[in-house]
file data20.pdb (PDB, C-alpha atoms)
ATOM      1  CA  MET G   1     -88.453 159.063 108.390
ATOM      2  CA  LEU G   2     -88.412 162.142 106.173
ATOM      3  CA  ASP G   3     -87.027 161.428 102.683
ATOM      4  CA  TRP G   4     -84.426 163.938 101.495
ATOM      5  CA  ASP G   5     -85.441 163.216  97.921
ATOM      6  CA  ASP G   6     -88.990 164.398  98.719
ATOM      7  CA  LEU G   7     -87.507 167.617 100.103
ATOM      8  CA  ARG G   8     -85.820 168.254  96.761
ATOM      9  CA  PHE G   9     -89.198 168.194  95.046
ATOM     10  CA  TYR G  10     -90.708 170.468  97.698
ATOM     11  CA  LEU G  11     -87.878 172.993  97.320
ATOM     12  CA  ALA G  12     -88.310 173.143  93.553
ATOM     13  CA  LEU G  13     -92.065 173.599  93.825
ATOM     14  CA  ALA G  14     -91.806 176.203  96.603
ATOM     15  CA  ARG G  15     -89.284 178.225  94.603
ATOM     16  CA  HIS G  16     -91.036 178.084  91.236
ATOM     17  CA  GLY G  17     -94.634 178.082  92.477
ATOM     18  CA  GLY G  18     -95.842 175.777  89.739
ATOM     19  CA  LEU G  19     -95.739 172.109  88.783
ATOM     20  CA  SER G  20     -94.502 172.738  85.247
ATOM     21  CA  ALA G  21     -91.451 174.813  86.213
ATOM     22  CA  ALA G  22     -90.539 172.454  89.072
ATOM     23  CA  ALA G  23     -90.878 169.425  86.787
ATOM     24  CA  ASN G  24     -88.624 171.055  84.170
ATOM     25  CA  GLU G  25     -85.924 171.739  86.762
ATOM     26  CA  LEU G  26     -86.010 168.177  88.051
ATOM     27  CA  HIS G  27     -86.480 166.575  84.606
ATOM     28  CA  VAL G  28     -89.569 164.631  85.689
ATOM     29  CA  ALA G  29     -93.276 164.647  84.880
ATOM     30  CA  GLN G  30     -95.616 167.135  86.594
ATOM     31  CA  SER G  31     -97.516 164.243  88.141
ATOM     32  CA  THR G  32     -94.331 163.069  89.840
ATOM     33  CA  VAL G  33     -93.862 166.457  91.499
ATOM     34  CA  GLY G  34     -97.462 166.343  92.728
ATOM     35  CA  ARG G  35     -97.012 162.858  94.178
ATOM     36  CA  ARG G  36     -93.818 163.855  95.974
ATOM     37  CA  LEU G  37     -95.508 166.883  97.513
ATOM     38  CA  ALA G  38     -98.327 164.682  98.778
ATOM     39  CA  SER G  39     -95.749 162.238 100.167
ATOM     40  CA  ILE G  40     -93.865 164.813 102.213
ATOM     41  CA  GLU G  41     -97.056 166.417 103.495
ATOM     42  CA  ALA G  42     -98.343 163.000 104.566
ATOM     43  CA  SER G  43     -95.026 162.202 106.243
ATOM     44  CA  LEU G  44     -95.051 165.478 108.211
ATOM     45  CA  GLY G  45     -98.789 165.500 108.805
ATOM     46  CA  VAL G  46     -99.118 169.148 107.743
ATOM     47  CA  ARG G  47     -99.956 171.114 104.600
ATOM     48  CA  LEU G  48     -96.930 172.924 103.196
ATOM     49  CA  LEU G  49     -98.353 174.504 100.042
ATOM     50  CA  ASN G  50    -101.767 175.809  99.137
ATOM     51  CA  ARG G  51    -102.790 175.725  95.493
ATOM     52  CA  THR G  52    -104.192 179.048  94.224
ATOM     53  CA  PRO G  53    -105.120 180.382  90.771
ATOM     54  CA  ASP G  54    -101.705 182.041  90.684
ATOM     55  CA  GLY G  55     -99.807 178.877  91.652
ATOM     56  CA  TYR G  56     -98.616 177.276  94.880
ATOM     57  CA  VAL G  57     -98.236 179.443  97.990
ATOM     58  CA  MET G  58     -96.395 178.337 101.116
ATOM     59  CA  THR G  59     -98.170 177.958 104.418
ATOM     60  CA  ARG G  60     -96.507 179.000 107.682
ATOM     61  CA  ALA G  61     -95.353 175.438 108.168
ATOM     62  CA  GLY G  62     -94.102 175.427 104.586
ATOM     63  CA  GLU G  63     -91.972 178.490 105.248
ATOM     64  CA  ASP G  64     -90.397 176.777 108.285
ATOM     65  CA  VAL G  65     -89.678 173.651 106.261
ATOM     66  CA  LEU G  66     -88.219 175.734 103.416
ATOM     67  CA  THR G  67     -85.698 177.419 105.723
ATOM     68  CA  ARG G  68     -84.437 174.123 107.132
ATOM     69  CA  ALA G  69     -84.575 172.308 103.809
ATOM     70  CA  GLU G  70     -82.369 174.974 102.247
ATOM     71  CA  ARG G  71     -79.835 174.423 105.028
ATOM     72  CA  LEU G  72     -79.845 170.695 104.272
ATOM     73  CA  GLU G  73     -79.467 171.429 100.578
ATOM     74  CA  SER G  74     -76.498 173.702 101.269
ATOM     75  CA  GLU G  75     -74.786 171.008 103.363
ATOM     76  CA  ALA G  76     -75.450 168.369 100.712
ATOM     77  CA  VAL G  77     -73.905 170.557  98.010
ATOM     78  CA  ALA G  78     -70.899 171.287 100.254
ATOM     79  CA  LEU G  79     -70.456 167.574 100.953
ATOM     80  CA  GLU G  80     -70.634 166.734  97.263
ATOM     81  CA  ARG G  81     -68.085 169.458  96.488
ATOM     82  CA  LEU G  82     -65.786 168.129  99.235
ATOM     83  CA  VAL G  83     -65.731 164.504  98.167
ATOM     84  CA  SER G  84     -66.447 164.824  94.452
ATOM     85  CA  GLY G  85     -63.500 163.581  92.446
ATOM     86  CA  GLN G  86     -61.420 162.551  95.472
ATOM     87  CA  ASP G  87     -60.820 159.141  93.909
ATOM     88  CA  ALA G  88     -59.541 160.906  90.780
ATOM     89  CA  ARG G  89     -57.087 163.163  92.643
ATOM     90  CA  LEU G  90     -53.514 162.264  93.507
ATOM     91  CA  ALA G  91     -54.106 163.156  97.134
ATOM     92  CA  GLY G  92     -55.121 161.476 100.352
ATOM     93  CA  LEU G  93     -54.218 158.475 102.480
ATOM     94  CA  VAL G  94     -53.009 155.122 101.140
ATOM     95  CA  ARG G  95     -52.593 152.335 103.714
ATOM     96  CA  VAL G  96     -49.974 149.734 102.753
ATOM     97  CA  THR G  97     -49.141 146.560 104.644
ATOM     98  CA  SER G  98     -46.303 144.064 104.378
ATOM     99  CA  VAL G  99     -43.956 142.113 106.598
ATOM    100  CA  GLU G 100     -41.441 144.012 108.717
ATOM    101  CA  ALA G 101     -38.311 143.438 106.633
ATOM    102  CA  VAL G 102     -39.988 144.259 103.308
ATOM    103  CA  SER G 103     -41.607 147.334 104.855
ATOM    104  CA  SER G 104     -38.329 148.624 106.270
ATOM    105  CA  TYR G 105     -35.845 147.824 103.518
ATOM    106  CA  ILE G 106     -37.879 147.865 100.287
ATOM    107  CA  LEU G 107     -41.098 149.832 100.759
ATOM    108  CA  ALA G 108     -39.860 152.674 102.981
ATOM    109  CA  PRO G 109     -37.242 153.835 100.425
ATOM    110  CA  CYS G 110     -39.825 153.336  97.667
ATOM    111  CA  PHE G 111     -42.323 155.641  99.356
ATOM    112  CA  ALA G 112     -39.695 158.291 100.015
ATOM    113  CA  SER G 113     -39.415 158.744  96.239
ATOM    114  CA  LEU G 114     -43.192 158.450  95.737
ATOM    115  CA  ILE G 115     -43.857 161.405  98.047
ATOM    116  CA  LYS G 116     -41.421 163.535  96.039
ATOM    117  CA  LEU G 117     -43.506 162.863  92.942
ATOM    118  CA  HIS G 118     -46.906 163.185  94.631
ATOM    119  CA  PRO G 119     -46.529 165.324  97.758
ATOM    120  CA  ASN G 120     -50.273 165.290  98.481
ATOM    121  CA  ILE G 121     -50.343 161.528  98.945
ATOM    122  CA  MET G 122     -49.820 160.273 102.500
ATOM    123  CA  ILE G 123     -48.659 156.697 103.030
ATOM    124  CA  GLU G 124     -49.484 154.760 106.166
ATOM    125  CA  LEU G 125     -47.033 151.840 106.198
ATOM    126  CA  VAL G 126     -48.194 148.964 108.408
ATOM    127  CA  PRO G 127     -45.525 146.317 109.092
ATOM    128  CA  ASP G 128     -47.590 143.277 110.049
ATOM    129  CA  PRO G 129     -46.937 139.560 109.565
ATOM    130  CA  ARG G 130     -50.706 138.976 109.421
ATOM    131  CA  GLU G 131     -52.560 139.051 106.121
ATOM    132  CA  LEU G 132     -54.631 142.185 106.734
ATOM    133  CA  SER G 133     -58.023 142.085 105.037
ATOM    134  CA  LEU G 134     -58.291 144.291 101.965
ATOM    135  CA  SER G 135     -61.968 143.365 101.659
ATOM    136  CA  MET G 136     -62.624 144.745 105.152
ATOM    137  CA  ARG G 137     -60.505 147.829 104.295
ATOM    138  CA  GLU G 138     -57.856 147.091 106.925
ATOM    139  CA  ALA G 139     -55.411 148.192 104.220
ATOM    140  CA  ASP G 140     -55.533 149.474 100.635
ATOM    141  CA  ILE G 141     -52.467 147.639  99.306
ATOM    142  CA  SER G 142     -50.642 144.533 100.455
ATOM    143  CA  VAL G 143     -47.163 143.342  99.443
ATOM    144  CA  ARG G 144     -46.818 139.634 100.211
ATOM    145  CA  LEU G 145     -44.430 136.749  99.663
ATOM    146  CA  THR G 146     -47.208 134.187  99.247
ATOM    147  CA  ARG G 147     -49.869 134.301  96.547
ATOM    148  CA  PRO G 148     -53.253 135.337  97.958
ATOM    149  CA  THR G 149     -56.263 133.100  97.382
ATOM    150  CA  GLN G 150     -59.114 135.317  98.607
ATOM    151  CA  HIS G 151     -61.699 136.412  96.065
ATOM    152  CA  ASP G 152     -62.266 140.049  95.040
ATOM    153  CA  LEU G 153     -58.520 140.755  94.935
ATOM    154  CA  VAL G 154     -56.347 141.822  92.020
ATOM    155  CA  ILE G 155     -52.788 140.535  92.217
ATOM    156  CA  ARG G 156     -49.589 141.203  90.323
ATOM    157  CA  ARG G 157     -46.286 139.397  90.598
ATOM    158  CA  ILE G 158     -43.684 142.149  90.820
ATOM    159  CA  GLY G 159     -40.484 140.254  91.561
ATOM    160  CA  THR G 160     -38.784 137.665  93.671
ATOM    161  CA  VAL G 161     -36.780 137.729  96.883
ATOM    162  CA  SER G 162     -33.432 135.986  96.500
ATOM    163  CA  PHE G 163     -31.669 134.264  99.381
ATOM    164  CA  GLY G 164     -28.071 133.404 100.201
ATOM    165  CA  LEU G 165     -25.984 131.749 102.896
ATOM    166  CA  TYR G 166     -24.166 134.123 105.267
ATOM    167  CA  ALA G 167     -21.889 134.132 108.272
ATOM    168  CA  SER G 168     -19.683 136.620 110.060
ATOM    169  CA  PRO G 169     -15.983 136.835 109.099
ATOM    170  CA  ALA G 170     -15.120 135.888 112.675
ATOM    171  CA  TYR G 171     -17.247 132.735 112.471
ATOM    172  CA  LEU G 172     -15.690 131.718 109.147
ATOM    173  CA  GLU G 173     -12.226 132.376 110.538
ATOM    174  CA  GLN G 174     -12.960 130.173 113.527
ATOM    175  CA  HIS G 175     -14.579 127.426 111.417
ATOM    176  CA  ARG G 176     -12.244 127.265 108.444
ATOM    177  CA  SER G 177     -13.322 123.824 107.211
ATOM    178  CA  LEU G 178     -16.694 124.341 105.519
ATOM    179  CA  ASP G 179     -17.242 121.035 103.721
ATOM    180  CA  PHE G 180     -20.647 120.757 102.101
ATOM    181  CA  ALA G 181     -19.827 117.263 100.863
ATOM    182  CA  ASP G 182     -19.427 116.290 104.537
ATOM    183  CA  GLY G 183     -22.759 117.901 105.464
ATOM    184  CA  CYS G 184     -21.021 120.798 107.291
ATOM    185  CA  SER G 185     -19.999 118.706 110.250
ATOM    186  CA  GLY G 186     -18.865 120.829 113.201
ATOM    187  CA  HIS G 187     -20.832 123.892 112.064
ATOM    188  CA  TYR G 188     -23.777 125.729 113.597
ATOM    189  CA  LEU G 189     -26.980 126.846 111.916
ATOM    190  CA  ILE G 190     -29.400 129.687 112.554
ATOM    191  CA  ALA G 191     -32.769 128.224 111.650
ATOM    192  CA  GLN G 192     -35.844 130.322 110.874
ATOM    193  CA  HIS G 193     -39.459 130.058 109.890
ATOM    194  CA  ASN G 194     -40.870 133.539 109.656
ATOM    195  CA  ASP G 195     -42.560 136.143 107.504
ATOM    196  CA  ILE G 196     -39.657 136.255 105.025
ATOM    197  CA  GLN G 197     -38.341 132.716 105.009
ATOM    198  CA  GLY G 198     -40.629 129.740 104.519
ATOM    199  CA  GLU G 199     -40.377 125.966 104.447
ATOM    200  CA  ALA G 200     -38.563 125.870 101.091
ATOM    201  CA  GLN G 201     -35.568 127.841 102.398
ATOM    202  CA  MET G 202     -35.538 125.936 105.690
ATOM    203  CA  GLU G 203     -35.549 122.572 103.916
ATOM    204  CA  TRP G 204     -32.762 123.747 101.605
ATOM    205  CA  LEU G 205     -30.576 124.725 104.573
ATOM    206  CA  LEU G 206     -31.132 121.421 106.377
ATOM    207  CA  ASP G 207     -30.406 119.468 103.188
ATOM    208  CA  LEU G 208     -27.247 121.505 102.589
ATOM    209  CA  ALA G 209     -25.888 121.024 106.097
ATOM    210  CA  PRO G 210     -27.474 117.884 107.573
ATOM    211  CA  ARG G 211     -24.590 117.304 110.015
ATOM    212  CA  ALA G 212     -24.534 120.863 111.354
ATOM    213  CA  ARG G 213     -26.147 121.586 114.693
ATOM    214  CA  ILE G 214     -28.960 124.122 115.040
ATOM    215  CA  ALA G 215     -27.669 126.672 117.511
ATOM    216  CA  LEU G 216     -30.572 129.103 117.289
ATOM    217  CA  HIS G 217     -34.126 128.879 116.006
ATOM    218  CA  THR G 218     -36.096 132.094 115.593
ATOM    219  CA  GLY G 219     -39.289 133.412 114.088
ATOM    220  CA  SER G 220     -37.668 136.787 113.380
ATOM    221  CA  HIS G 221     -35.617 137.411 110.263
ATOM    222  CA  GLU G 222     -34.002 140.455 111.881
ATOM    223  CA  ALA G 223     -33.004 138.331 114.886
ATOM    224  CA  ALA G 224     -31.398 135.834 112.492
ATOM    225  CA  VAL G 225     -29.469 138.652 110.786
ATOM    226  CA  SER G 226     -28.237 139.943 114.132
ATOM    227  CA  ALA G 227     -27.291 136.474 115.357
ATOM    228  CA  ALA G 228     -25.292 135.821 112.180
ATOM    229  CA  VAL G 229     -23.462 139.154 112.511
ATOM    230  CA  HIS G 230     -22.443 138.189 116.048
ATOM    231  CA  GLY G 231     -21.012 134.838 114.992
ATOM    232  CA  CYS G 232     -23.800 132.477 116.015
ATOM    233  CA  GLY G 233     -23.565 130.383 112.855
ATOM    234  CA  LEU G 234     -24.550 130.006 109.222
ATOM    235  CA  ALA G 235     -27.814 131.683 108.242
ATOM    236  CA  CYS G 236     -29.945 131.625 105.122
ATOM    237  CA  LEU G 237     -30.954 135.267 104.694
ATOM    238  CA  ALA G 238     -32.811 137.398 102.201
ATOM    239  CA  ARG G 239     -30.182 139.017 100.019
ATOM    240  CA  PHE G 240     -31.675 142.470 100.419
ATOM    241  CA  ARG G 241     -30.556 142.107 104.050
ATOM    242  CA  GLY G 242     -27.493 139.919 103.836
ATOM    243  CA  ASP G 243     -25.788 141.672 100.903
ATOM    244  CA  TYR G 244     -25.987 145.095 102.491
ATOM    245  CA  ARG G 245     -25.494 144.294 106.187
ATOM    246  CA  SER G 246     -22.019 145.063 107.420
ATOM    247  CA  GLY G 247     -20.416 142.247 109.371
ATOM    248  CA  LEU G 248     -21.649 139.482 107.065
ATOM    249  CA  THR G 249     -19.933 137.501 104.338
ATOM    250  CA  GLN G 250     -21.843 135.604 101.678
ATOM    251  CA  VAL G 251     -20.738 131.978 101.520
ATOM    252  CA  ALA G 252     -20.318 130.250  98.164
ATOM    253  CA  ILE G 253     -22.830 127.399  97.951
ATOM    254  CA  PRO G 254     -23.107 124.375  95.649
ATOM    255  CA  THR G 255     -26.867 124.765  95.064
ATOM    256  CA  SER G 256     -28.953 127.918  94.868
ATOM    257  CA  VAL G 257     -31.515 128.783  97.511
ATOM    258  CA  PRO G 258     -35.193 128.699  96.454
ATOM    259  CA  SER G 259     -36.526 132.217  95.993
ATOM    260  CA  SER G 260     -39.885 133.669  97.078
ATOM    261  CA  GLU G 261     -42.252 135.509  94.750
ATOM    262  CA  VAL G 262     -43.387 139.007  95.653
ATOM    263  CA  TRP G 263     -47.074 139.757  95.096
ATOM    264  CA  LEU G 264     -48.677 143.183  94.892
ATOM    265  CA  VAL G 265     -52.294 142.958  96.026
ATOM    266  CA  VAL G 266     -55.249 145.370  95.928
ATOM    267  CA  HIS G 267     -59.022 144.985  96.271
ATOM    268  CA  LYS G 268     -60.682 145.119  92.858
ATOM    269  CA  ASP G 269     -62.888 148.053  93.948
ATOM    270  CA  ASN G 270     -59.819 150.209  94.715
ATOM    271  CA  ARG G 271     -57.441 149.467  91.869
ATOM    272  CA  LYS G 272     -58.527 152.490  89.785
ATOM    273  CA  VAL G 273     -58.548 155.033  92.630
ATOM    274  CA  ALA G 274     -55.887 157.517  91.500
ATOM    275  CA  ARG G 275     -53.816 157.740  94.692
ATOM    276  CA  ILE G 276     -53.885 153.946  95.174
ATOM    277  CA  ARG G 277     -53.044 153.359  91.534
ATOM    278  CA  ALA G 278     -50.097 155.745  91.792
ATOM    279  CA  ALA G 279     -48.767 153.828  94.804
ATOM    280  CA  LEU G 280     -49.270 150.457  93.067
ATOM    281  CA  ASN G 281     -47.391 151.584  89.962
ATOM    282  CA  HIS G 282     -44.590 153.120  91.994
ATOM    283  CA  ILE G 283     -44.068 149.945  94.042
ATOM    284  CA  ALA G 284     -43.963 147.844  90.864
ATOM    285  CA  GLU G 285     -41.531 150.247  89.195
ATOM    286  CA  HIS G 286     -39.328 150.301  92.301
ATOM    287  CA  MET G 287     -39.101 146.499  92.266
ATOM    288  CA  LYS G 288     -38.329 146.539  88.550
ATOM    289  CA  ASN G 289     -35.499 149.011  89.097
ATOM    290  CA  LEU G 290     -34.084 146.852  91.877
ATOM    291  CA  SER G 291     -34.071 143.818  89.585
ATOM    292  CA  GLN G 292     -32.281 145.783  86.838
ATOM    293  CA  ASP G 293     -29.563 147.177  89.110
ATOM    294  CA  PRO G 294     -26.152 146.595  87.448
ATOM    295  CA  VAL G 295     -24.884 145.388  90.811
ATOM    296  CA  PRO G 296     -25.887 141.718  91.350
ATOM    297  CA  SER G 297     -29.409 142.242  92.630
ATOM    298  CA  PRO G 298     -30.851 140.826  95.847
ATOM    299  CA  VAL G 299     -34.313 141.257  94.333
ATOM    300  CA  GLY G 300     -35.508 139.874  91.024
ATOM    301  CA  ARG G 301     -34.868 136.823  88.915
ATOM    302  CA  ASN G 302     -31.368 136.517  87.481
ATOM    303  CA  GLY G 303     -30.993 140.279  87.595
ATOM    304  CA  SER G 304     -33.859 140.786  85.142
ATOM    305  CA  ALA G 305     -37.374 142.135  85.208
ATOM    306  CA  GLU G 306     -38.880 138.939  83.833
ATOM    307  CA  SER G 307     -40.588 138.276  87.152
ATOM    308  CA  VAL G 308     -42.803 141.339  86.771
ATOM    309  CA  GLY G 309     -46.212 140.203  85.567
ATOM    310  CA  GLY G 310     -49.598 141.669  84.666
ATOM    311  CA  GLU G 311     -52.550 142.015  86.990
ATOM    312  CA  VAL G 312     -54.800 139.026  87.522
ATOM    313  CA  GLU G 313     -58.034 138.993  89.483
ATOM    314  CA  VAL G 314     -58.094 136.142  91.974
ATOM    315  CA  GLY G 315     -60.523 133.492  90.818
ATOM    316  CA  GLN G 316     -60.585 134.878  87.244
ATOM    317  CA  SER G 317     -58.585 134.067  84.146
ATOM    318  CA  GLY G 318     -56.703 136.595  82.089
ATOM    319  CA  VAL G 319     -55.738 140.149  82.888
ATOM    320  CA  PRO G 320     -58.518 142.586  83.854
ATOM    321  CA  SER G 321     -58.836 145.882  82.034
TER
END
call {"tool": "encode", "arguments": {"input": "data20.pdb", "output": "structure tokens"}}
result
Amino acid sequence: MLDWDDLRFYLALARHGGLSAAANELHVAQSTVGRRLASIEASLGVRLLNRTPDGYVMTRAGEDVLTRAERLESEAVALERLVSGQDARLAGLVRVTSVEAVSSYILAPCFASLIKLHPNIMIELVPDPRELSLSMREADISVRLTRPTQHDLVIRRIGTVSFGLYASPAYLEQHRSLDFADGCSGHYLIAQHNDIQGEAQMEWLLDLAPRARIALHTGSHEAAVSAAVHGCGLACLARFRGDYRSGLTQVAIPTSVPSSEVWLVVHKDNRKVARIRAALNHIAEHMKNLSQDPVPSPVGRNGSAESVGGEVEVGQSGVPS
């Protein structure tokens, strides 16, 4: 196969007509230019330049090659101009993945403000319970509620998701006696194990109300929210849903619900790409602002930003530069 790098040497020699001038342009030795000319002529099986006392002169075949090589050179320069510095510009596509509830109620509002700051950045938000592969470039950024363990990733803890116990006013009116000391006998539970709520929250609920009956079990946090609104029973819900969903009342509880950490994840090769970095910083800042909200916050640890940490490369110690 013809080597484009050989064509570069041929173009310089054809234009300048001498080894010395071509070598100066390419910053190589004259012998290197001569070897490259021999290489391309051997590859094509034809003489391209004849050496004369006045320098190198193109053959007919050399003229044909020159015309096409200049077209290739023009396209290469155009391609370099097109892509050069793209990673340094605040423009282009950033693909972000998270679970449905986080995507809808935390990230979507976050990106609305990001686009106002950087209108040339386009976000593709992918709500997916699966852990999309950043190494395989299925996504650029991931926001997860479990700490990743794959290598080649850079992670940052940016907050926590707080949980509470909720029910509809109608349900609480109908079931006035809510006795946690009695194990919530006579009550109904909405049990979940999904992309927001894990085993820790489920175990807490069952320990809190061991005598209650599970009326509904679902793998969807949104289904649990809807069921609670319609009076199905007591539900342990993420506070960024329960606190702001009309038709729900937060129930006072004797023990707090375990929270879930929020992790911001990026492949180490992409963390310094300008548009990706801008999105990473904006997500982290958005979570920090949520945790510092003067209203009791559904996100964060005790209403503070203490849960926001530095970047750590998975499998490495310390914080990467």
call {"tool": "resolve_selection", "arguments": {"input": "data20.pdb", "expression": "the PyMOL selection byres ((chain G and resi 117) around 12)", "output": "number ranges by chain"}}
result
G: 90-91, 110-116, 118-122, 275, 278-279, 282
call {"tool": "resolve_selection", "arguments": {"input": "data20.pdb", "expression": "the PyMOL selection byres ((chain G and resi 166) around 8)", "output": "CSV table (one decimal) with C-alpha atoms, in the frame of the given file"}}
result
chain,number,residue,atom,x,y,z
G,164,GLY,CA,-28.1,133.4,100.2
G,165,LEU,CA,-26.0,131.7,102.9
G,167,ALA,CA,-21.9,134.1,108.3
G,168,SER,CA,-19.7,136.6,110.1
G,228,ALA,CA,-25.3,135.8,112.2
G,234,LEU,CA,-24.6,130.0,109.2
G,235,ALA,CA,-27.8,131.7,108.2
G,236,CYS,CA,-29.9,131.6,105.1
G,237,LEU,CA,-31.0,135.3,104.7
G,242,GLY,CA,-27.5,139.9,103.8
G,248,LEU,CA,-21.6,139.5,107.1
G,249,THR,CA,-19.9,137.5,104.3
G,250,GLN,CA,-21.8,135.6,101.7
G,251,VAL,CA,-20.7,132.0,101.5
call {"tool": "resolve_selection", "arguments": {"input": "data20.pdb", "expression": "the PyMOL selection byres ((chain G and resi 18) around 10)", "output": "list in words"}}
result
Ala12, Leu13, Ala14, Arg15, His16, Gly17, Leu19, Ser20, Ala21, Ala22, Ala23, Gln30, Val33, Arg51, Asp54, Gly55, Tyr56 and Val57 of chain G
call {"tool": "write_last_selection", "arguments": {"input": "data20.pdb", "atoms": "C-alpha atoms", "output": "PDB file, keeping the file's coordinate frame"}}
result
ATOM      1  CA  ALA G  12     -88.310 173.143  93.553  1.00  0.00           C
ATOM      2  CA  LEU G  13     -92.065 173.599  93.825  1.00  0.00           C
ATOM      3  CA  ALA G  14     -91.806 176.203  96.603  1.00  0.00           C
ATOM      4  CA  ARG G  15     -89.284 178.225  94.603  1.00  0.00           C
ATOM      5  CA  HIS G  16     -91.036 178.084  91.236  1.00  0.00           C
ATOM      6  CA  GLY G  17     -94.634 178.082  92.477  1.00  0.00           C
ATOM      7  CA  LEU G  19     -95.739 172.109  88.783  1.00  0.00           C
ATOM      8  CA  SER G  20     -94.502 172.738  85.247  1.00  0.00           C
ATOM      9  CA  ALA G  21     -91.451 174.813  86.213  1.00  0.00           C
ATOM     10  CA  ALA G  22     -90.539 172.454  89.072  1.00  0.00           C
ATOM     11  CA  ALA G  23     -90.878 169.425  86.787  1.00  0.00           C
ATOM     12  CA  GLN G  30     -95.616 167.135  86.594  1.00  0.00           C
ATOM     13  CA  VAL G  33     -93.862 166.457  91.499  1.00  0.00           C
ATOM     14  CA  ARG G  51    -102.790 175.725  95.493  1.00  0.00           C
ATOM     15  CA  ASP G  54    -101.705 182.041  90.684  1.00  0.00           C
ATOM     16  CA  GLY G  55     -99.807 178.877  91.652  1.00  0.00           C
ATOM     17  CA  TYR G  56     -98.616 177.276  94.880  1.00  0.00           C
ATOM     18  CA  VAL G  57     -98.236 179.443  97.990  1.00  0.00           C
TER      19      VAL G  57
END
call {"tool": "closest_residue", "arguments": {"input": "data20.pdb", "among": "G:Arg89, G:Arg95, G:Arg47, G:Arg156", "to": "G:Arg137", "atoms": "all atoms listed in the file"}}
result
G:Arg95
call {"tool": "residues_around", "arguments": {"input": "data20.pdb", "residues": "stretch 256-263 of chain G", "least_positions_apart": "4", "cutoff": "9 Å", "atoms": "only C-alpha atoms", "output": "JSON, numbers by chain"}}
result
{"G": [142, 143, 144, 145, 146, 147, 148, 155, 156, 157, 158, 159, 160, 161, 162, 163, 164, 165, 196, 197, 198, 200, 201, 204, 205, 236, 238, 300, 301, 307]}
call {"tool": "write_last_selection", "arguments": {"input": "data20.pdb", "atoms": "C-alpha atoms", "output": "short mmCIF file (atom, residue, chain, number, x, y, z; two decimals), in the frame of the given file"}}
result
data_model
loop_
_atom_site.label_atom_id
_atom_site.label_comp_id
_atom_site.auth_asym_id
_atom_site.auth_seq_id
_atom_site.Cartn_x
_atom_site.Cartn_y
_atom_site.Cartn_z
CA SER G 142 -50.64 144.53 100.46
CA VAL G 143 -47.16 143.34 99.44
CA ARG G 144 -46.82 139.63 100.21
CA LEU G 145 -44.43 136.75 99.66
CA THR G 146 -47.21 134.19 99.25
CA ARG G 147 -49.87 134.30 96.55
CA PRO G 148 -53.25 135.34 97.96
CA ILE G 155 -52.79 140.54 92.22
CA ARG G 156 -49.59 141.20 90.32
CA ARG G 157 -46.29 139.40 90.60
CA ILE G 158 -43.68 142.15 90.82
CA GLY G 159 -40.48 140.25 91.56
CA THR G 160 -38.78 137.66 93.67
CA VAL G 161 -36.78 137.73 96.88
CA SER G 162 -33.43 135.99 96.50
CA PHE G 163 -31.67 134.26 99.38
CA GLY G 164 -28.07 133.40 100.20
CA LEU G 165 -25.98 131.75 102.90
CA ILE G 196 -39.66 136.26 105.02
CA GLN G 197 -38.34 132.72 105.01
CA GLY G 198 -40.63 129.74 104.52
CA ALA G 200 -38.56 125.87 101.09
CA GLN G 201 -35.57 127.84 102.40
CA TRP G 204 -32.76 123.75 101.60
CA LEU G 205 -30.58 124.72 104.57
CA CYS G 236 -29.94 131.62 105.12
CA ALA G 238 -32.81 137.40 102.20
CA GLY G 300 -35.51 139.87 91.02
CA ARG G 301 -34.87 136.82 88.92
CA SER G 307 -40.59 138.28 87.15
#
call {"tool": "residues_around", "arguments": {"input": "data20.pdb", "residues": "G:Met58", "least_positions_apart": "3", "cutoff": "8 Å", "atoms": "only C-alpha atoms", "output": "ChimeraX atom specification"}}
result
/G:14,48-50,61-63
call {"tool": "residues_around", "arguments": {"input": "data20.pdb", "residues": "stretch 171-184 of chain G", "least_positions_apart": "6", "cutoff": "6 Å", "atoms": "all atoms listed in the file", "output": "list of chain:residue names"}}
result
G:Ala209, G:Pro210, G:Arg211, G:Ala212, G:Gly231
